[in-house]
Structures are given as structure tokens and as C-alpha cells.
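Source file: data-v2.cif. Holds: mmCIF, C-alpha atoms.
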data_query
#
loop_
_atom_site.label_atom_id
_atom_site.label_comp_id
_atom_site.auth_asym_id
_atom_site.auth_seq_id
_atom_site.Cartn_x
_atom_site.Cartn_y
_atom_site.Cartn_z
CA ASP A 1124 4.73 -12.51 3.17
CA GLU A 1125 4.95 -11.40 6.79
CA ARG A 1126 8.06 -9.33 5.93
CA ASN A 1127 5.82 -7.02 3.88
CA TYR A 1128 3.51 -6.29 6.80
CA ASP A 1129 5.11 -3.60 8.98
CA LEU A 1130 7.96 -1.31 8.03
CA GLY A 1131 8.05 0.78 11.22
CA VAL A 1132 5.59 3.68 11.14
CA VAL A 1133 4.07 2.37 7.90
CA PRO A 1134 2.00 -0.77 8.63
CA TYR A 1135 0.05 -2.91 6.15
CA ASN A 1136 2.41 -2.94 3.17
CA LEU A 1137 1.61 -4.94 0.04
CA ARG A 1138 4.42 -5.21 -2.49
CA PHE A 1139 3.29 -5.49 -6.10
CA PHE A 1140 6.58 -4.69 -7.86
CA PRO A 1141 10.15 -4.59 -6.53
CA HIS A 1142 10.37 -1.56 -4.21
CA ILE A 1143 6.79 -0.49 -5.12
CA TYR A 1144 4.04 -0.96 -2.55
CA ILE A 1145 0.45 -0.18 -1.73
CA HIS A 1146 0.73 1.30 1.76
CA TYR A 1147 -0.60 3.69 4.35
CA ALA A 1148 1.03 7.13 4.18
CA PRO A 1149 0.77 8.95 7.53
CA TRP A 1150 2.74 11.96 6.25
CA HIS A 1151 -0.07 13.35 4.06
CA ASN A 1152 -3.83 13.34 3.53
CA ASN A 1153 -3.93 14.05 -0.21
CA PHE A 1154 -4.94 10.60 -1.43
CA GLY A 1155 -5.98 10.25 -5.06
CA HIS A 1156 -3.23 12.60 -6.26
CA PRO A 1157 0.37 11.76 -7.21
CA MET A 1158 2.45 12.00 -4.03
CA SER A 1159 5.02 9.24 -4.47
CA HIS A 1160 7.72 7.93 -6.76
CA GLY A 1161 5.72 4.80 -7.55
CA CYS A 1162 4.00 3.57 -4.43
CA VAL A 1163 0.24 3.79 -4.05
CA ASN A 1164 -0.55 5.73 -0.86
CA VAL A 1165 -3.87 5.15 0.90
CA SER A 1166 -5.50 6.09 4.20
CA LEU A 1167 -5.04 3.78 7.18
CA GLU A 1168 -8.71 2.75 7.12
CA ASN A 1169 -8.56 1.84 3.42
CA MET A 1170 -5.20 0.10 3.76
CA LYS A 1171 -6.49 -2.12 6.56
CA TRP A 1172 -9.39 -3.14 4.30
CA VAL A 1173 -7.16 -3.83 1.27
CA TYR A 1174 -4.70 -5.79 3.39
CA ALA A 1175 -7.43 -8.01 4.82
CA TRP A 1176 -9.08 -8.48 1.41
CA ALA A 1177 -6.07 -9.16 -0.83
CA GLU A 1178 -4.73 -12.65 -1.35
CA GLU A 1179 -1.16 -13.47 -2.30
CA GLY A 1180 -0.76 -13.37 -6.08
CA ILE A 1181 -3.81 -11.17 -6.74
CA PRO A 1182 -3.30 -9.08 -9.90
CA VAL A 1183 -2.72 -5.34 -9.37
CA THR A 1184 -3.52 -2.73 -12.03
CA VAL A 1185 -2.50 0.88 -11.37
CA ARG A 1186 -4.08 3.60 -13.46
CA GLU A 1187 -3.51 7.29 -13.60
#
Could you spell out this file's structure in C-alpha cells?
Amino acid sequence: DERNYDLGVVPYNLRFFPHIYIHYAPWHNNFGHPMSHGCVNVSLENMKWVYAWAEEGIPVTVRE
């Protein structure tokens, strides 16, 4: 959905649960460690790749 794409300074958003996204996080560089209240934060380079690769409806599994 194009409404998921760009939320201001945070481009390339993919919603996988209400109010929970996989998205770029420009405010830190500590990826791979809990830094959010549910969202999955990734680097801009990785988020561009995921965004281009993912298709609507693709299953998402989040593991600790």
C-alpha cells in the first residue's frame, strides 16, 4: 500500500501488524538489538532491499 511507503524522515515502511512496522531507523545504529516497542528497525541499505523484495501478503516471522 503506497500509504505505508514514506512517513516523513522514515522511508520504506512495511506494516506487518497494526502499528508495527519493519522500517529504517535513522536515529540509531544499533541494529540487531532491541531498540523499539515492537517495530523492527533496520539500516537504510537493508530496508531498501527488503522493500524491493517483499510482496504484499508475504508472511513475517519475528524472533528474538
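The residue that comes closest to His1142 of chain A, out of A:Met1170, A:Met1158, A:Val1163, A:Ala1175 and on the basis of all atoms listed in the file, is A:Val1163.
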Show which residues sit within 8 Å of segment 1153-1157 of chain A, as a PyMOL selection string. Count only C-alpha atoms, and ignore same-chain residues fewer than 4 positions away.
chain A and resi 1164-1166
Atoms kept (C-alpha atoms) for selection, written as an mmCIF file, in the frame of the given file:
data_model
loop_
_atom_site.group_PDB
_atom_site.id
_atom_site.type_symbol
_atom_site.label_atom_id
_atom_site.label_comp_id
_atom_site.auth_asym_id
_atom_site.auth_seq_id
_atom_site.Cartn_x
_atom_site.Cartn_y
_atom_site.Cartn_z
ATOM 1 C CA ASN A 1164 -0.550 5.730 -0.860
ATOM 2 C CA VAL A 1165 -3.870 5.150 0.900
ATOM 3 C CA SER A 1166 -5.500 6.090 4.200
#
Could you state which residues are captured by the PyMOL selection byres ((chain A and resi 1147) around 9) in this file, as a ChimeraX atom specification?
/A:1133-1136,1145-1146,1148-1149,1163-1171
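Our summary of the geometry notes that atom CA of Phe1140 of chain A is positioned 9.5 Å from atom CA of Gly1161 of chain A.
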Closest of A:His1151, A:Val1173, A:Ser1159, A:Ile1181 to Phe1139 of chain A - atom-to-atom distances counting all atoms listed in the file:
A:Ile1181
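Separating atom CA of Ile1143 of chain A from atom CA of Val1183 of chain A is a distance of 11.5 Å.
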Have a look at atom CA of Glu1179 of chain A and atom CA of Asn1152 of chain A and let me know their distance in Å, one decimal.
27.6 Å
Could you give me the centre and size, in Å to one decimal, of an axis-aligned box around all listed atoms of segment 1172-1183 of chain A with 3 Å added on every side, as lines of an AutoDock Vina configuration file?
center_x = -5.1
center_y = -8.3
center_z = -2.5
size_x = 14.6
size_y = 16.3
size_z = 20.7
